[in-house]
file data37.tsv (TSV, N, CA and C atoms)
chain	number	residue	atom	x	y	z
A	10	GLN	N	0.84	-1.19	0.00
A	10	GLN	CA	0.00	0.00	0.00
A	10	GLN	C	0.88	1.25	0.00
A	11	VAL	N	0.52	2.22	-0.79
A	11	VAL	CA	1.25	3.48	-0.88
A	11	VAL	C	0.33	4.59	-0.41
A	12	GLN	N	0.85	5.43	0.47
A	12	GLN	CA	0.11	6.61	0.91
A	12	GLN	C	0.77	7.86	0.34
A	13	LEU	N	-0.05	8.76	-0.15
A	13	LEU	CA	0.44	9.98	-0.79
A	13	LEU	C	-0.12	11.18	-0.04
A	14	VAL	N	0.74	12.14	0.25
A	14	VAL	CA	0.31	13.34	0.97
A	14	VAL	C	0.82	14.56	0.21
A	15	GLU	N	-0.12	15.35	-0.30
A	15	GLU	CA	0.24	16.57	-1.03
A	15	GLU	C	0.38	17.75	-0.08
A	16	SER	N	1.17	18.71	-0.49
A	16	SER	CA	1.31	19.96	0.25
A	16	SER	C	1.76	21.04	-0.73
A	17	GLY	N	1.68	22.30	-0.27
A	17	GLY	CA	2.18	23.39	-1.08
A	17	GLY	C	1.12	24.22	-1.77
A	18	GLY	N	-0.13	23.81	-1.66
A	18	GLY	CA	-1.19	24.60	-2.26
A	18	GLY	C	-1.42	25.90	-1.50
A	19	GLY	N	-2.26	26.76	-2.07
A	19	GLY	CA	-2.55	28.03	-1.42
A	19	GLY	C	-3.16	29.03	-2.37
A	20	LEU	N	-3.17	30.27	-1.93
A	20	LEU	CA	-3.72	31.38	-2.71
A	20	LEU	C	-2.57	32.19	-3.30
A	21	VAL	N	-2.64	32.45	-4.60
A	21	VAL	CA	-1.59	33.21	-5.27
A	21	VAL	C	-2.23	34.09	-6.33
A	22	GLN	N	-1.60	35.20	-6.61
A	22	GLN	CA	-2.10	36.09	-7.65
A	22	GLN	C	-1.72	35.56	-9.04
A	23	ALA	N	-2.50	35.94	-10.01
A	23	ALA	CA	-2.20	35.56	-11.39
A	23	ALA	C	-0.78	36.00	-11.74
A	24	GLY	N	-0.07	35.11	-12.42
A	24	GLY	CA	1.32	35.37	-12.77
A	24	GLY	C	2.31	34.85	-11.76
A	25	GLY	N	1.82	34.45	-10.60
A	25	GLY	CA	2.68	33.95	-9.55
A	25	GLY	C	3.02	32.48	-9.71
A	26	SER	N	3.71	31.96	-8.70
A	26	SER	CA	4.19	30.58	-8.74
A	26	SER	C	3.86	29.85	-7.44
A	27	LEU	N	3.73	28.55	-7.57
A	27	LEU	CA	3.60	27.66	-6.42
A	27	LEU	C	4.35	26.38	-6.74
A	28	ARG	N	4.82	25.72	-5.70
A	28	ARG	CA	5.46	24.42	-5.86
A	28	ARG	C	4.72	23.41	-5.00
A	29	LEU	N	4.09	22.46	-5.64
A	29	LEU	CA	3.40	21.39	-4.93
A	29	LEU	C	4.37	20.24	-4.68
A	30	SER	N	4.19	19.60	-3.53
A	30	SER	CA	4.97	18.41	-3.19
A	30	SER	C	4.03	17.27	-2.88
A	31	CYS	N	4.50	16.08	-3.15
A	31	CYS	CA	3.73	14.88	-2.84
A	31	CYS	C	4.70	13.87	-2.22
A	32	ALA	N	4.52	13.64	-0.93
A	32	ALA	CA	5.37	12.69	-0.22
A	32	ALA	C	4.71	11.32	-0.21
A	33	ALA	N	5.48	10.31	-0.57
A	33	ALA	CA	4.94	8.96	-0.69
A	33	ALA	C	5.60	8.03	0.31
A	34	SER	N	4.80	7.11	0.81
A	34	SER	CA	5.34	6.05	1.65
A	34	SER	C	5.68	4.87	0.76
A	35	GLY	N	6.44	3.93	1.27
A	35	GLY	CA	6.70	2.72	0.50
A	35	GLY	C	8.09	2.69	-0.10
A	36	ARG	N	8.66	1.49	-0.11
A	36	ARG	CA	10.03	1.34	-0.57
A	36	ARG	C	10.14	1.26	-2.08
A	37	THR	N	9.01	1.09	-2.77
A	37	THR	CA	9.06	0.92	-4.22
A	37	THR	C	8.65	2.19	-4.96
A	38	PHE	N	8.70	3.33	-4.28
A	38	PHE	CA	8.27	4.58	-4.88
A	38	PHE	C	8.99	4.83	-6.20
A	39	GLY	N	10.27	4.59	-6.22
A	39	GLY	CA	11.05	4.91	-7.40
A	39	GLY	C	10.59	4.21	-8.66
A	40	SER	N	9.98	3.06	-8.51
A	40	SER	CA	9.56	2.29	-9.69
A	40	SER	C	8.19	2.71	-10.21
A	41	TYR	N	7.47	3.53	-9.47
A	41	TYR	CA	6.12	3.94	-9.85
A	41	TYR	C	6.16	5.14	-10.78
A	42	ALA	N	5.31	5.14	-11.77
A	42	ALA	CA	5.04	6.38	-12.48
A	42	ALA	C	4.20	7.26	-11.56
A	43	MET	N	4.45	8.56	-11.61
A	43	MET	CA	3.74	9.50	-10.75
A	43	MET	C	3.06	10.56	-11.60
A	44	GLY	N	1.87	10.94	-11.19
A	44	GLY	CA	1.13	11.92	-11.97
A	44	GLY	C	0.48	12.97	-11.08
A	45	TRP	N	0.19	14.08	-11.70
A	45	TRP	CA	-0.62	15.13	-11.06
A	45	TRP	C	-1.88	15.33	-11.90
A	46	PHE	N	-3.00	15.41	-11.21
A	46	PHE	CA	-4.29	15.68	-11.82
A	46	PHE	C	-4.90	16.86	-11.07
A	47	ARG	N	-5.93	17.45	-11.65
A	47	ARG	CA	-6.62	18.52	-10.95
A	47	ARG	C	-8.11	18.46	-11.24
A	48	GLN	N	-8.87	19.01	-10.33
A	48	GLN	CA	-10.32	19.06	-10.49
A	48	GLN	C	-10.83	20.40	-10.02
A	49	ALA	N	-11.34	21.17	-10.95
A	49	ALA	CA	-11.95	22.44	-10.62
A	49	ALA	C	-13.40	22.22	-10.20
A	50	SER	N	-13.93	23.16	-9.46
A	50	SER	CA	-15.30	23.04	-8.96
A	50	SER	C	-16.28	22.88	-10.12
A	51	GLY	N	-17.10	21.84	-10.05
A	51	GLY	CA	-18.09	21.59	-11.08
A	51	GLY	C	-17.57	20.97	-12.35
A	52	LYS	N	-16.30	20.60	-12.36
A	52	LYS	CA	-15.71	20.01	-13.56
A	52	LYS	C	-15.13	18.63	-13.26
A	53	GLU	N	-14.86	17.89	-14.32
A	53	GLU	CA	-14.26	16.57	-14.16
A	53	GLU	C	-12.76	16.70	-13.87
A	54	ARG	N	-12.24	15.67	-13.25
A	54	ARG	CA	-10.80	15.65	-12.99
A	54	ARG	C	-10.05	15.55	-14.31
A	55	GLU	N	-8.93	16.27	-14.41
A	55	GLU	CA	-8.17	16.26	-15.65
A	55	GLU	C	-6.69	16.07	-15.37
A	56	PHE	N	-6.02	15.50	-16.35
A	56	PHE	CA	-4.59	15.23	-16.26
A	56	PHE	C	-3.81	16.54	-16.35
A	57	VAL	N	-2.72	16.61	-15.57
A	57	VAL	CA	-1.84	17.77	-15.61
A	57	VAL	C	-0.44	17.39	-16.10
A	58	ALA	N	0.19	16.42	-15.42
A	58	ALA	CA	1.56	16.04	-15.76
A	58	ALA	C	1.88	14.68	-15.16
A	59	ALA	N	2.87	14.00	-15.73
A	59	ALA	CA	3.30	12.71	-15.20
A	59	ALA	C	4.77	12.51	-15.50
A	60	VAL	N	5.40	11.68	-14.65
A	60	VAL	CA	6.81	11.34	-14.82
A	60	VAL	C	6.96	9.83	-14.67
A	61	GLN	N	7.80	9.24	-15.50
A	61	GLN	CA	7.93	7.78	-15.48
A	61	GLN	C	8.66	7.31	-14.23
A	62	GLY	N	8.50	6.01	-13.94
A	62	GLY	CA	9.23	5.39	-12.86
A	62	GLY	C	10.57	4.86	-13.35
A	63	SER	N	11.35	4.33	-12.43
A	63	SER	CA	12.66	3.80	-12.78
A	63	SER	C	12.50	2.56	-13.65
A	64	GLY	N	13.57	2.17	-14.29
A	64	GLY	CA	13.52	1.03	-15.19
A	64	GLY	C	13.55	1.45	-16.64
A	65	TRP	N	13.37	2.75	-16.86
A	65	TRP	CA	13.46	3.30	-18.20
A	65	TRP	C	14.65	4.26	-18.23
A	66	SER	N	15.32	4.33	-19.35
A	66	SER	CA	16.43	5.28	-19.46
A	66	SER	C	15.87	6.69	-19.51
A	67	GLY	N	16.58	7.61	-18.91
A	67	GLY	CA	16.10	8.98	-18.89
A	67	GLY	C	14.98	9.17	-17.88
A	68	SER	N	14.33	10.28	-17.95
A	68	SER	CA	13.24	10.60	-17.03
A	68	SER	C	12.11	11.20	-17.84
A	69	TRP	N	11.35	10.33	-18.47
A	69	TRP	CA	10.32	10.77	-19.42
A	69	TRP	C	9.20	11.47	-18.68
A	70	THR	N	8.80	12.62	-19.19
A	70	THR	CA	7.68	13.36	-18.63
A	70	THR	C	6.68	13.67	-19.73
A	71	VAL	N	5.45	13.88	-19.32
A	71	VAL	CA	4.40	14.25	-20.26
A	71	VAL	C	3.50	15.28	-19.59
A	72	TYR	N	3.00	16.22	-20.38
A	72	TYR	CA	2.21	17.32	-19.86
A	72	TYR	C	0.92	17.51	-20.65
A	73	ALA	N	-0.07	18.04	-19.97
A	73	ALA	CA	-1.26	18.50	-20.67
A	73	ALA	C	-0.89	19.75	-21.47
A	74	ASP	N	-1.54	19.94	-22.59
A	74	ASP	CA	-1.19	21.08	-23.44
A	74	ASP	C	-1.35	22.40	-22.71
A	75	PHE	N	-2.30	22.50	-21.83
A	75	PHE	CA	-2.58	23.79	-21.20
A	75	PHE	C	-1.56	24.18	-20.14
A	76	VAL	N	-0.61	23.29	-19.81
A	76	VAL	CA	0.42	23.64	-18.84
A	76	VAL	C	1.84	23.61	-19.42
A	77	LYS	N	1.96	23.22	-20.66
A	77	LYS	CA	3.29	23.15	-21.27
A	77	LYS	C	3.98	24.51	-21.24
A	78	GLY	N	5.23	24.47	-20.79
A	78	GLY	CA	6.00	25.70	-20.69
A	78	GLY	C	5.78	26.46	-19.39
A	79	ARG	N	4.77	26.07	-18.63
A	79	ARG	CA	4.49	26.76	-17.35
A	79	ARG	C	4.74	25.86	-16.15
A	80	PHE	N	4.39	24.59	-16.25
A	80	PHE	CA	4.52	23.64	-15.14
A	80	PHE	C	5.66	22.67	-15.43
A	81	THR	N	6.31	22.22	-14.36
A	81	THR	CA	7.37	21.23	-14.47
A	81	THR	C	7.19	20.17	-13.39
A	82	ILE	N	7.14	18.91	-13.80
A	82	ILE	CA	7.07	17.82	-12.84
A	82	ILE	C	8.47	17.24	-12.67
A	83	SER	N	8.79	16.88	-11.44
A	83	SER	CA	10.08	16.26	-11.15
A	83	SER	C	9.92	15.34	-9.95
A	84	ARG	N	10.93	14.51	-9.73
A	84	ARG	CA	10.85	13.59	-8.60
A	84	ARG	C	12.21	13.45	-7.96
A	85	ASP	N	12.19	13.18	-6.67
A	85	ASP	CA	13.40	12.90	-5.91
A	85	ASP	C	13.17	11.55	-5.25
A	86	ASN	N	13.69	10.50	-5.86
A	86	ASN	CA	13.43	9.15	-5.35
A	86	ASN	C	14.07	8.91	-3.99
A	87	ALA	N	15.15	9.60	-3.71
A	87	ALA	CA	15.79	9.44	-2.41
A	87	ALA	C	14.90	9.96	-1.28
A	88	LYS	N	14.04	10.91	-1.62
A	88	LYS	CA	13.13	11.49	-0.63
A	88	LYS	C	11.70	11.04	-0.81
A	89	ASN	N	11.48	10.11	-1.75
A	89	ASN	CA	10.12	9.61	-2.00
A	89	ASN	C	9.14	10.76	-2.25
A	90	THR	N	9.55	11.70	-3.06
A	90	THR	CA	8.75	12.90	-3.27
A	90	THR	C	8.69	13.25	-4.75
A	91	VAL	N	7.53	13.69	-5.17
A	91	VAL	CA	7.35	14.22	-6.52
A	91	VAL	C	6.88	15.66	-6.38
A	92	PHE	N	7.31	16.49	-7.30
A	92	PHE	CA	7.02	17.92	-7.23
A	92	PHE	C	6.29	18.38	-8.49
A	93	LEU	N	5.56	19.46	-8.34
A	93	LEU	CA	4.97	20.14	-9.48
A	93	LEU	C	5.25	21.63	-9.31
A	94	GLN	N	6.19	22.13	-10.08
A	94	GLN	CA	6.49	23.56	-10.07
A	94	GLN	C	5.55	24.24	-11.04
A	95	MET	N	4.79	25.20	-10.54
A	95	MET	CA	3.78	25.87	-11.34
A	95	MET	C	4.14	27.36	-11.43
A	96	ASN	N	4.41	27.81	-12.63
A	96	ASN	CA	4.75	29.21	-12.88
A	96	ASN	C	3.70	29.85	-13.77
A	97	SER	N	3.72	31.17	-13.81
A	97	SER	CA	2.78	31.92	-14.66
A	97	SER	C	1.35	31.43	-14.45
A	98	LEU	N	0.96	31.32	-13.22
A	98	LEU	CA	-0.37	30.78	-12.91
A	98	LEU	C	-1.47	31.71	-13.40
A	99	LYS	N	-2.57	31.07	-13.79
A	99	LYS	CA	-3.73	31.78	-14.31
A	99	LYS	C	-4.94	31.46	-13.44
A	100	PRO	N	-5.94	32.31	-13.42
A	100	PRO	CA	-7.15	32.01	-12.63
A	100	PRO	C	-7.77	30.67	-13.01
A	101	GLU	N	-7.65	30.28	-14.26
A	101	GLU	CA	-8.23	29.00	-14.70
A	101	GLU	C	-7.45	27.79	-14.19
A	102	ASP	N	-6.31	28.03	-13.54
A	102	ASP	CA	-5.57	26.94	-12.90
A	102	ASP	C	-6.13	26.61	-11.52
A	103	THR	N	-7.08	27.40	-11.06
A	103	THR	CA	-7.70	27.15	-9.75
A	103	THR	C	-8.37	25.79	-9.73
A	104	ALA	N	-8.00	24.96	-8.76
A	104	ALA	CA	-8.52	23.60	-8.67
A	104	ALA	C	-7.92	22.92	-7.44
A	105	VAL	N	-8.46	21.76	-7.13
A	105	VAL	CA	-7.81	20.87	-6.19
A	105	VAL	C	-6.85	20.00	-7.00
A	106	TYR	N	-5.60	19.96	-6.58
A	106	TYR	CA	-4.56	19.20	-7.29
A	106	TYR	C	-4.29	17.91	-6.53
A	107	TYR	N	-4.31	16.81	-7.28
A	107	TYR	CA	-4.12	15.49	-6.71
A	107	TYR	C	-2.85	14.85	-7.25
A	108	CYS	N	-2.15	14.18	-6.37
A	108	CYS	CA	-1.00	13.37	-6.72
A	108	CYS	C	-1.48	11.92	-6.86
A	109	ALA	N	-0.92	11.20	-7.82
A	109	ALA	CA	-1.30	9.82	-8.03
A	109	ALA	C	-0.09	8.97	-8.37
A	110	ALA	N	-0.14	7.71	-7.97
A	110	ALA	CA	0.95	6.77	-8.23
A	110	ALA	C	0.44	5.58	-9.02
A	111	ARG	N	1.25	5.13	-9.94
A	111	ARG	CA	0.89	4.01	-10.79
A	111	ARG	C	1.94	2.92	-10.65
A	112	ARG	N	1.53	1.68	-10.32
A	112	ARG	CA	2.50	0.60	-10.15
A	112	ARG	C	3.26	0.32	-11.45
A	113	ASP	N	2.60	0.47	-12.55
A	113	ASP	CA	3.27	0.41	-13.85
A	113	ASP	C	4.19	1.62	-13.95
A	114	ASN	N	5.42	1.46	-14.40
A	114	ASN	CA	6.34	2.59	-14.41
A	114	ASN	C	6.23	3.48	-15.65
A	115	ARG	N	5.27	3.19	-16.50
A	115	ARG	CA	5.07	4.02	-17.69
A	115	ARG	C	4.11	5.15	-17.39
A	116	VAL	N	4.37	6.31	-17.97
A	116	VAL	CA	3.48	7.44	-17.75
A	116	VAL	C	2.12	7.18	-18.38
A	117	SER	N	1.10	7.80	-17.82
A	117	SER	CA	-0.25	7.71	-18.36
A	117	SER	C	-0.98	9.01	-18.09
A	118	LYS	N	-1.87	9.37	-19.00
A	118	LYS	CA	-2.73	10.55	-18.83
A	118	LYS	C	-4.11	10.15	-18.32
A	119	ILE	N	-4.32	8.86	-18.10
A	119	ILE	CA	-5.64	8.35	-17.78
A	119	ILE	C	-5.74	8.09	-16.28
A	120	ASP	N	-6.67	8.74	-15.62
A	120	ASP	CA	-6.70	8.65	-14.16
A	120	ASP	C	-7.02	7.25	-13.66
A	121	ARG	N	-7.82	6.49	-14.38
A	121	ARG	CA	-8.19	5.16	-13.88
A	121	ARG	C	-7.01	4.18	-13.95
A	122	GLU	N	-5.94	4.57	-14.60
A	122	GLU	CA	-4.75	3.70	-14.66
A	122	GLU	C	-3.82	3.91	-13.47
A	123	TYR	N	-4.17	4.84	-12.59
A	123	TYR	CA	-3.37	5.08	-11.38
A	123	TYR	C	-3.98	4.32	-10.21
A	124	ASP	N	-3.10	3.81	-9.37
A	124	ASP	CA	-3.52	2.90	-8.31
A	124	ASP	C	-3.70	3.57	-6.95
A	125	TYR	N	-3.01	4.65	-6.72
A	125	TYR	CA	-3.05	5.31	-5.42
A	125	TYR	C	-3.21	6.82	-5.62
A	126	TRP	N	-3.95	7.41	-4.69
A	126	TRP	CA	-4.25	8.85	-4.79
A	126	TRP	C	-4.06	9.53	-3.43
A	127	GLY	N	-3.61	10.79	-3.50
A	127	GLY	CA	-3.57	11.61	-2.31
A	127	GLY	C	-4.91	12.28	-2.06
A	128	GLN	N	-4.96	13.06	-1.00
A	128	GLN	CA	-6.22	13.69	-0.61
A	128	GLN	C	-6.46	15.01	-1.33
A	129	GLY	N	-5.44	15.53	-1.98
A	129	GLY	CA	-5.57	16.76	-2.75
A	129	GLY	C	-5.15	17.99	-1.97
A	130	THR	N	-4.73	19.01	-2.70
A	130	THR	CA	-4.38	20.30	-2.11
A	130	THR	C	-4.97	21.40	-2.98
A	131	GLN	N	-5.57	22.38	-2.33
A	131	GLN	CA	-6.28	23.44	-3.05
A	131	GLN	C	-5.30	24.50	-3.56
A	132	VAL	N	-5.45	24.82	-4.83
A	132	VAL	CA	-4.71	25.93	-5.44
A	132	VAL	C	-5.73	26.94	-5.93
A	133	THR	N	-5.59	28.17	-5.47
A	133	THR	CA	-6.50	29.24	-5.88
A	133	THR	C	-5.68	30.39	-6.46
A	134	VAL	N	-6.00	30.78	-7.69
A	134	VAL	CA	-5.28	31.84	-8.37
A	134	VAL	C	-6.24	33.01	-8.55
A	135	SER	N	-5.92	34.13	-7.96
A	135	SER	CA	-6.78	35.31	-8.05
A	135	SER	C	-6.35	36.18	-9.23
A	136	SER	N	-7.34	36.86	-9.80
A	136	SER	CA	-7.06	37.71	-10.97
A	136	SER	C	-6.70	39.13	-10.56
call {"tool": "encode", "arguments": {"input": "data37.tsv", "output": "structure tokens"}}
result
Amino acid sequence: QVQLVESGGGLVQAGGSLRLSCAASGRTFGSYAMGWFRQASGKEREFVAAVQGSGWSGSWTVYADFVKGRFTISRDNAKNTVFLQMNSLKPEDTAVYYCAARRDNRVSKIDREYDYWGQGTQVTVSS
């Protein structure tokens, strides 16, 4: 069982930055693909970014089109933590952001392919 705990959310003005963290339990964290999703009020959950697990050469990442060039996902396997650096934030980025882990080490944009989820952290961007 893997437990995920997000932190780093908050209120920020448009154009500002936030860095989300997701701390994971478990000795096999490094082998899991990790993803960030978000859900705005009244909307469906959507994919934001993902990073592959170990076992693949390099550190493959994938992003939703609406965050390319603004958000960066990274991981520190020694600390069992994945990060989401969010720059140039817009009011439409307001949502609850969720961290997710996938036992398969390949990245995925599909939420049902992730096995473990955190409780979410609120990000609010004011105009």
call {"tool": "closest_residue", "arguments": {"input": "data37.tsv", "among": "A:Glu55, A:Asp113, A:Phe46, A:Leu98", "to": "Val21 of chain A", "atoms": "all atoms listed in the file"}}
result
A:Leu98
call {"tool": "atom_distance", "arguments": {"input": "data37.tsv", "atom1": "atom CA of Thr130 of chain A", "atom2": "atom CA of Gly17 of chain A"}}
result
7.3 Å
call {"tool": "atom_distance", "arguments": {"input": "data37.tsv", "atom1": "atom C of Ala104 of chain A", "atom2": "atom N of Ala58 of chain A"}}
result
13.1 Å
call {"tool": "atom_distance", "arguments": {"input": "data37.tsv", "atom1": "atom CA of Ala59 of chain A", "atom2": "atom N of Ile82 of chain A"}}
result
7.4 Å
call {"tool": "select_by_dssp", "arguments": {"input": "data37.tsv", "residues": "segment 68-134 of chain A", "states": "helix (DSSP H, G or I)", "output": "PyMOL selection string"}}
result
chain A and resi 74-76+86-88+100-102+120-122
call {"tool": "residues_around", "arguments": {"input": "data37.tsv", "residues": "Lys99 of chain A", "least_positions_apart": "3", "cutoff": "6.5 Å", "atoms": "all atoms listed in the file", "output": "JSON, numbers by chain"}}
result
{"A": [23, 24, 25, 96, 102, 103, 134, 135]}
call {"tool": "residues_around", "arguments": {"input": "data37.tsv", "residues": "Ser40 of chain A", "least_positions_apart": "4", "cutoff": "6 Å", "atoms": "all atoms listed in the file", "output": "VMD selection string"}}
result
chain A and resid 62 to 63 112 to 114
call {"tool": "write_last_selection", "arguments": {"input": "data37.tsv", "atoms": "N, CA and C atoms", "output": "compact mmCIF listing (two decimals), keeping the file's coordinate frame"}}
result
# COMPACT_ATOMS: atom_id res chain seq x y z
N GLY A 62 8.50 6.01 -13.94
CA GLY A 62 9.23 5.39 -12.86
C GLY A 62 10.57 4.86 -13.35
N SER A 63 11.35 4.33 -12.43
CA SER A 63 12.66 3.80 -12.78
C SER A 63 12.50 2.56 -13.65
N ARG A 112 1.53 1.68 -10.32
CA ARG A 112 2.50 0.60 -10.15
C ARG A 112 3.26 0.32 -11.45
N ASP A 113 2.60 0.47 -12.55
CA ASP A 113 3.27 0.41 -13.85
C ASP A 113 4.19 1.62 -13.95
N ASN A 114 5.42 1.46 -14.40
CA ASN A 114 6.34 2.59 -14.41
C ASN A 114 6.23 3.48 -15.65
call {"tool": "residues_around", "arguments": {"input": "data37.tsv", "residues": "segment 118-129 of chain A", "least_positions_apart": "3", "cutoff": "6 Å", "atoms": "only N, CA and C atoms", "output": "PyMOL selection string"}}
result
chain A and resi 13-15+56+105-112
call {"tool": "closest_residue", "arguments": {"input": "data37.tsv", "among": "A:Leu93, A:Arg28, A:Arg36, A:Val116", "to": "Trp69 of chain A", "atoms": "all atoms listed in the file"}}
result
A:Val116
call {"tool": "closest_residue", "arguments": {"input": "data37.tsv", "among": "A:Gly19, A:Phe38, A:Asp74, A:Gln48", "to": "Asn86 of chain A", "atoms": "all atoms listed in the file"}}
result
A:Phe38
call {"tool": "closest_residue", "arguments": {"input": "data37.tsv", "among": "A:Gln61, A:Asn89, A:Ser83, A:Ser68", "to": "Ala32 of chain A", "atoms": "only N, CA and C atoms"}}
result
A:Asn89
call {"tool": "select_by_dssp", "arguments": {"input": "data37.tsv", "residues": "chain A", "states": "strand (DSSP E)", "output": "PyMOL selection string"}}
result
chain A and resi 13-16+19-22+27-33+42-48+55-60+70-72+80-85+90-95+104-111+125-126+130-135
call {"tool": "closest_residue", "arguments": {"input": "data37.tsv", "among": "A:Val11, A:Thr81, A:Ser117, A:Met95", "to": "Ser34 of chain A", "atoms": "all atoms listed in the file"}}
result
A:Val11
call {"tool": "closest_residue", "arguments": {"input": "data37.tsv", "among": "A:Gln10, A:Lys77, A:Gly51, A:Pro100", "to": "Ser136 of chain A", "atoms": "all atoms listed in the file"}}
result
A:Pro100
call {"tool": "decode", "arguments": {"input": "data37.tsv", "residues": "segment 80-87 of chain A", "atoms": "all heavy atoms", "output": "CSV table (one decimal), in the first residue's frame"}}
result
chain,number,residue,atom,x,y,z
A,80,PHE,N,4.4,24.6,-16.3
A,80,PHE,CA,4.5,23.6,-15.1
A,80,PHE,C,5.7,22.7,-15.4
A,80,PHE,O,5.9,22.3,-16.6
A,80,PHE,CB,3.2,22.8,-15.0
A,80,PHE,CG,2.1,23.6,-14.5
A,80,PHE,CD1,2.1,25.0,-14.4
A,80,PHE,CD2,0.9,23.0,-14.1
A,80,PHE,CE1,1.0,25.7,-13.9
A,80,PHE,CE2,-0.2,23.6,-13.7
A,80,PHE,CZ,-0.2,25.0,-13.6
A,81,THR,N,6.3,22.2,-14.4
A,81,THR,CA,7.4,21.2,-14.5
A,81,THR,C,7.2,20.2,-13.4
A,81,THR,O,7.1,20.5,-12.2
A,81,THR,CB,8.8,21.9,-14.3
A,81,THR,OG1,8.9,22.9,-15.3
A,81,THR,CG2,9.8,20.8,-14.5
A,82,ILE,N,7.1,18.9,-13.8
A,82,ILE,CA,7.1,17.8,-12.8
A,82,ILE,C,8.5,17.2,-12.7
A,82,ILE,O,9.2,17.1,-13.6
A,82,ILE,CB,6.1,16.7,-13.3
A,82,ILE,CG1,5.9,15.7,-12.2
A,82,ILE,CG2,6.5,16.1,-14.6
A,82,ILE,CD1,4.7,14.7,-12.5
A,83,SER,N,8.8,16.9,-11.4
A,83,SER,CA,10.1,16.3,-11.1
A,83,SER,C,9.9,15.3,-10.0
A,83,SER,O,8.9,15.4,-9.3
A,83,SER,CB,11.1,17.3,-10.9
A,83,SER,OG,10.8,18.1,-9.7
A,84,ARG,N,10.9,14.5,-9.7
A,84,ARG,CA,10.8,13.6,-8.6
A,84,ARG,C,12.2,13.5,-8.0
A,84,ARG,O,13.2,13.6,-8.6
A,84,ARG,CB,10.3,12.2,-9.1
A,84,ARG,CG,11.2,11.5,-10.0
A,84,ARG,CD,10.5,10.2,-10.6
A,84,ARG,NE,10.0,9.3,-9.5
A,84,ARG,CZ,9.1,8.4,-9.7
A,84,ARG,NH1,8.5,8.3,-10.9
A,84,ARG,NH2,8.8,7.6,-8.7
A,85,ASP,N,12.2,13.2,-6.7
A,85,ASP,CA,13.4,12.9,-5.9
A,85,ASP,C,13.2,11.6,-5.2
A,85,ASP,O,12.5,11.5,-4.2
A,85,ASP,CB,13.6,14.0,-4.9
A,85,ASP,CG,14.9,13.8,-4.1
A,85,ASP,OD1,15.5,12.7,-4.1
A,85,ASP,OD2,15.4,14.8,-3.5
A,86,ASN,N,13.7,10.5,-5.9
A,86,ASN,CA,13.4,9.1,-5.4
A,86,ASN,C,14.1,8.9,-4.0
A,86,ASN,O,13.6,8.1,-3.2
A,86,ASN,CB,13.9,8.1,-6.4
A,86,ASN,CG,13.0,8.1,-7.6
A,86,ASN,OD1,11.9,8.5,-7.6
A,86,ASN,ND2,13.6,7.6,-8.7
A,87,ALA,N,15.2,9.6,-3.7
A,87,ALA,CA,15.8,9.4,-2.4
A,87,ALA,C,14.9,10.0,-1.3
A,87,ALA,O,15.0,9.5,-0.1
A,87,ALA,CB,17.1,10.2,-2.4
